[in-house]
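Input: a single structure, listed below in structure tokens.
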Amino acid sequence: MRLPRFLQLRPTTKLLSSVTIAVGFALLVGFARVFYTEQAWVESFSDLFVFAVLALAILVVYDGAKRLPDDQLRLIRKLPTSFALNRAQSIVIELSNFSEFELNVTVSDSVPSNFHGAAFPLKQTIGVEKRGLFEYSVVPKSRGLAIFDPAYVLVESANGFWQFLHRLGECDETKIYPDFSAISNSSIFGVEQAMRNMGAHVAKRKGSGMEFNQLREFREGDTLKQIDWKATAKLGSPISREYQEEKDQNVVFLLDCSRRMRAIENDLSYFDYALNALLMSSYIALDKGDAVGVMTFSGEPSWLSPIKGKASINTLLNHLYALDTSTQSSDYVTAAENLLLKHRKRSLIIVLTNVRDEDSEDLHKAVEILSQQHLVMVVALQEGLLQQVDDMPVDEVAQAMLYAGTKHFELNRKKMLALLKARGVSVVDATHKNIHIQLVTEYMRLKQFGRI
């Protein structure tokens, strides 16, 4: 990309210092010509100064005319395959010098506005037929597609009076995904161990309602229903049937994209926390052999039919990474009706939302609609203020009113969730800190008891 000629040249500190010195000598010459007019050396000094200025001007102009061709420089930007939201990752710029001179270069990359943390400019001297490596770290602050335009490269001229501005490199695209570090840990350590590491409770499955796996010796905690009496009589010691989790179940997430999910806690929106929890629990469900689908509501409509296999987590990531919240209010009933039109097979429907007490009637109706065909779980994100209310100072009337209003809201919210539980709905009341743990734990509990 070539810039207009007048934008390609920038004076260096050396040129500005030279001009400053020349101006200083010009003042001295002017002072001498005023106060020492009859001295012979004044004319000689003036002539010498004029000659020096002309020589400097010629050198500066000549130096500015020798711009290095773009084809004698090559810039390659090495981006990670993908970025994770709020995770620092490194970018490397490789700049090769194919000219006949050693070059002093200054690099500033075209980092998209939704990245923070880049420290520019980066300076380096690159020898003839050598390459320089420039590394910097960035933190993406929003999901979606990120486009890096060609980088800005300043190359110092041979005599050091100018810097030539070059736009080098290609336009590179990359995707910013939700934070998938928990999924990466699962692939490294195994799902069961990763769940224990993050605090989720993993219990042994007991009872019936699952697929038969094998016979084994009776263990403490086994029920009488598990005993295989024929095998026990034959071997003369108690033998139990061991069951394995049923597979081929469907888990469909109903993801709220309304304005309430835009609330921010610790630099992340509730929507991003919900996405992280969705992806972690999806990975575990896929690992357990279940199929996972997603539908959004109260925002940009999006539907992904249930898919199976651990590799499908990549399909989920690519489907969800660019989703964003809207300014709409939560419409649970419409979401429930739309989901029934798209998906009829009995499934676990997980509603991820930031619910308030005024939503009670609408949410209860939506749950009633979904429960006719599916098993329903409501995952309700708590407002951060609910965690802080007990530590609030109550020294003034305004603070007392805020405290009372918050407690009233909290009480009504608890009543609403209690009514859902009383109707047989699985309810997860979670903070932004533990939503992924609680969601995974509740999913595993339903699996353990053969609900799905």
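Convention: chains lettered A, B, ... in structure tokens order; per-chain residue numbering from 1; ligands numbered from 1 as shown.
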(request) Excluding Glu43 of chain A and any residue of its chain fewer than 6 positions from it, enumerate the residues within 10 Å of it, using only C-alpha atoms, and give them as a VMD selection string. (result) chain A and resid 29 32 to 33 36 to 37 49
(request) Give me the residues within 9 Å of Ala322 of chain A as a VMD selection string, counting only C-alpha atoms and dropping any in the same chain fewer than 3 places off. (result) chain A and resid 143 to 145 175 to 177 318 to 319
Store the residues picked out above, limited to N, CA and C atoms, as a PDB file, in the first residue's frame.
ATOM      1  N   ARG A 143     -15.482 -10.238  21.498  1.00  0.00           N
ATOM      2  CA  ARG A 143     -15.442 -11.366  20.579  1.00  0.00           C
ATOM      3  C   ARG A 143     -15.770 -10.918  19.154  1.00  0.00           C
ATOM      4  N   GLY A 144     -15.493 -11.805  18.219  1.00  0.00           N
ATOM      5  CA  GLY A 144     -15.844 -11.532  16.831  1.00  0.00           C
ATOM      6  C   GLY A 144     -14.654 -11.649  15.903  1.00  0.00           C
ATOM      7  N   LEU A 145     -14.828 -11.147  14.690  1.00  0.00           N
ATOM      8  CA  LEU A 145     -13.771 -11.188  13.684  1.00  0.00           C
ATOM      9  C   LEU A 145     -12.866  -9.976  13.852  1.00  0.00           C
ATOM     10  N   LYS A 175     -10.090 -14.843  14.474  1.00  0.00           N
ATOM     11  CA  LYS A 175     -11.327 -14.866  15.248  1.00  0.00           C
ATOM     12  C   LYS A 175     -11.015 -14.781  16.738  1.00  0.00           C
ATOM     13  N   ILE A 176     -11.851 -14.023  17.432  1.00  0.00           N
ATOM     14  CA  ILE A 176     -11.752 -13.928  18.889  1.00  0.00           C
ATOM     15  C   ILE A 176     -12.900 -14.744  19.467  1.00  0.00           C
ATOM     16  N   TYR A 177     -12.547 -15.835  20.123  1.00  0.00           N
ATOM     17  CA  TYR A 177     -13.549 -16.741  20.678  1.00  0.00           C
ATOM     18  C   TYR A 177     -13.799 -16.426  22.155  1.00  0.00           C
ATOM     19  N   ASN A 318     -17.353 -21.794  16.499  1.00  0.00           N
ATOM     20  CA  ASN A 318     -17.499 -20.965  15.302  1.00  0.00           C
ATOM     21  C   ASN A 318     -18.913 -20.439  15.132  1.00  0.00           C
ATOM     22  N   HIS A 319     -19.881 -21.142  15.707  1.00  0.00           N
ATOM     23  CA  HIS A 319     -21.272 -20.678  15.632  1.00  0.00           C
ATOM     24  C   HIS A 319     -21.525 -19.541  16.622  1.00  0.00           C
TER      25      HIS A 319
END
(message) I'd like the interatomic distance between atom CA of Ala418 of chain A and atom CA of Leu279 of chain A, to a tenth of an Å.
(response)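 Rounded to one decimal, the two atoms are 26.9 Å apart.
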Near Ser360 of chain A, counting only C-alpha atoms, which residues have an atom at most 12 Å away, once you skip same-chain residues fewer than 5 positions from it, shown as a short mmCIF file (atom, residue, chain, number, x, y, z; two decimals) with N, CA and C atoms, in the first residue's frame?
data_model
loop_
_atom_site.label_atom_id
_atom_site.label_comp_id
_atom_site.auth_asym_id
_atom_site.auth_seq_id
_atom_site.Cartn_x
_atom_site.Cartn_y
_atom_site.Cartn_z
N SER A 330 -36.18 -9.52 27.54
CA SER A 330 -36.28 -10.98 27.44
C SER A 330 -37.72 -11.41 27.14
N ASP A 331 -37.89 -12.20 26.10
CA ASP A 331 -39.20 -12.72 25.72
C ASP A 331 -39.15 -14.24 25.79
N TYR A 332 -39.41 -14.78 26.99
CA TYR A 332 -39.26 -16.21 27.22
C TYR A 332 -40.33 -17.03 26.50
N VAL A 333 -41.54 -16.53 26.46
CA VAL A 333 -42.64 -17.29 25.85
C VAL A 333 -42.39 -17.48 24.36
N VAL A 355 -32.39 -13.33 35.13
CA VAL A 355 -33.82 -13.21 35.36
C VAL A 355 -34.09 -12.31 36.57
N LYS A 365 -44.62 -19.30 32.35
CA LYS A 365 -45.40 -19.74 31.19
C LYS A 365 -44.50 -20.44 30.17
N ALA A 366 -43.31 -19.87 29.96
CA ALA A 366 -42.37 -20.47 29.01
C ALA A 366 -41.94 -21.85 29.48
N VAL A 367 -41.67 -21.99 30.79
CA VAL A 367 -41.27 -23.28 31.34
C VAL A 367 -42.41 -24.30 31.20
N ASN A 412 -37.98 -11.52 46.40
CA ASN A 412 -38.91 -11.86 45.32
C ASN A 412 -38.26 -12.80 44.30
N ARG A 413 -36.99 -12.57 44.05
CA ARG A 413 -36.27 -13.42 43.10
C ARG A 413 -36.16 -14.84 43.63
N LYS A 414 -35.86 -14.98 44.90
CA LYS A 414 -35.77 -16.31 45.51
C LYS A 414 -37.12 -17.02 45.48
N LYS A 415 -38.20 -16.28 45.73
CA LYS A 415 -39.53 -16.88 45.66
C LYS A 415 -39.83 -17.39 44.26
N MET A 416 -39.47 -16.60 43.26
CA MET A 416 -39.72 -17.00 41.88
C MET A 416 -38.97 -18.29 41.54
N LEU A 417 -37.69 -18.37 41.92
CA LEU A 417 -36.91 -19.57 41.64
C LEU A 417 -37.41 -20.76 42.46
N ALA A 418 -37.87 -20.51 43.69
CA ALA A 418 -38.42 -21.59 44.52
C ALA A 418 -39.67 -22.17 43.88
N LEU A 419 -40.51 -21.33 43.30
CA LEU A 419 -41.71 -21.80 42.62
C LEU A 419 -41.36 -22.68 41.42
N LEU A 420 -40.29 -22.31 40.71
CA LEU A 420 -39.84 -23.14 39.59
C LEU A 420 -39.39 -24.51 40.09
#
(message) Could you list, as a list in words, every residue within 9 Å of segment 99-102 of chain A, counting only C-alpha atoms and ignoring same-chain residues fewer than 6 positions away?
(response) Leu68, Pro69, Gln72, Leu73, Thr125, Ile126, Gly127, Val128, Glu129, Lys130 and Ala158 of chain A
(message) Env of Val394 of chain A: 12 Å cut, atoms = only C-alpha atoms, seq-sep filter 6 positions within chain, self excluded. Answer as a list in words.
(response)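 The residues satisfying every condition are Ala400, Met401, Leu402, Tyr403 and Ala404 of chain A.
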(request) Report as a PyMOL selection string: the residues of segment 89-328 of chain A with a DSSP assignment of alpha helix (DSSP H), based on the backbone of this structure. (result) chain A and resi 181-189+191-198+229-235+270-287+312-320
(message) I'd like the neighbourhood of Thr296 of chain A as number ranges by chain, where a residue qualifies if any of its atoms comes within 10 Å (using only C-alpha atoms), though same-chain residues fewer than 6 positions away should be ignored.
(response) A: 253-258, 302-304, 320, 323, 325, 335, 339, 351-352
(request) Within 12 Å of Asp63 of chain A, counting only C-alpha atoms, which residues show up once you throw out same-chain ones fewer than 4 positions away? Write them as number ranges by chain, please. (result) A: 9-12, 15, 56-59, 67-68, 156-164
(request) Any chance you could list, as a ChimeraX atom specification, the residues in segment 50-144 of chain A that come up strand (DSSP E or B) when DSSP is run on the backbone? (result) /A:73-78,83-84,89-97,103-110,115-116,122-126,131-140,144
(request) Would you mind telling me which residue in A:Gln388, A:Val19, A:Ala52, A:Ser305 lies nearest to Lys407 of chain A when using only C-alpha atoms? (result)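 Between A:Gln388, A:Val19, A:Ala52, A:Ser305, the residue approaching Lys407 of chain A most closely is A:Gln388.
For the residues A:Asn354, A:Ser44, A:Ser137, A:Asn97, ranking by smallest atom-to-atom distance to Asp109 of chain A using only C-alpha atoms places A:Ser137 first.
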(message) Just checking: using only C-alpha atoms, which residue out of A:Asp47, A:Asp179, A:Glu442, A:Glu94 ends up closest to Phe134 of chain A?
(response)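 Smallest separation from Phe134 of chain A among the options: A:Glu94.
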(message) One decimal, in Å: what's the spacing between atom CA of Leu363 of chain A and atom CA of Gly293 of chain A?
(response)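 Atom-to-atom, atom CA of Leu363 of chain A to atom CA of Gly293 of chain A, that is 20.8 Å.
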(request) Compare A:Gln8, A:Ser240, A:Thr20, A:Ser282 by their minimum atom-to-atom distance to Lys310 of chain A, counting only C-alpha atoms, and give me the closest one. (result)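 Closest to Lys310 of chain A of all the choices is A:Ser282.
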(request) Provide the atom CA of Leu154 of chain A to atom CA of Leu54 of chain A distance in Å, to one decimal place. (result)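 Spanning atom CA of Leu154 of chain A to atom CA of Leu54 of chain A is a straight-line distance of 26.9 Å.
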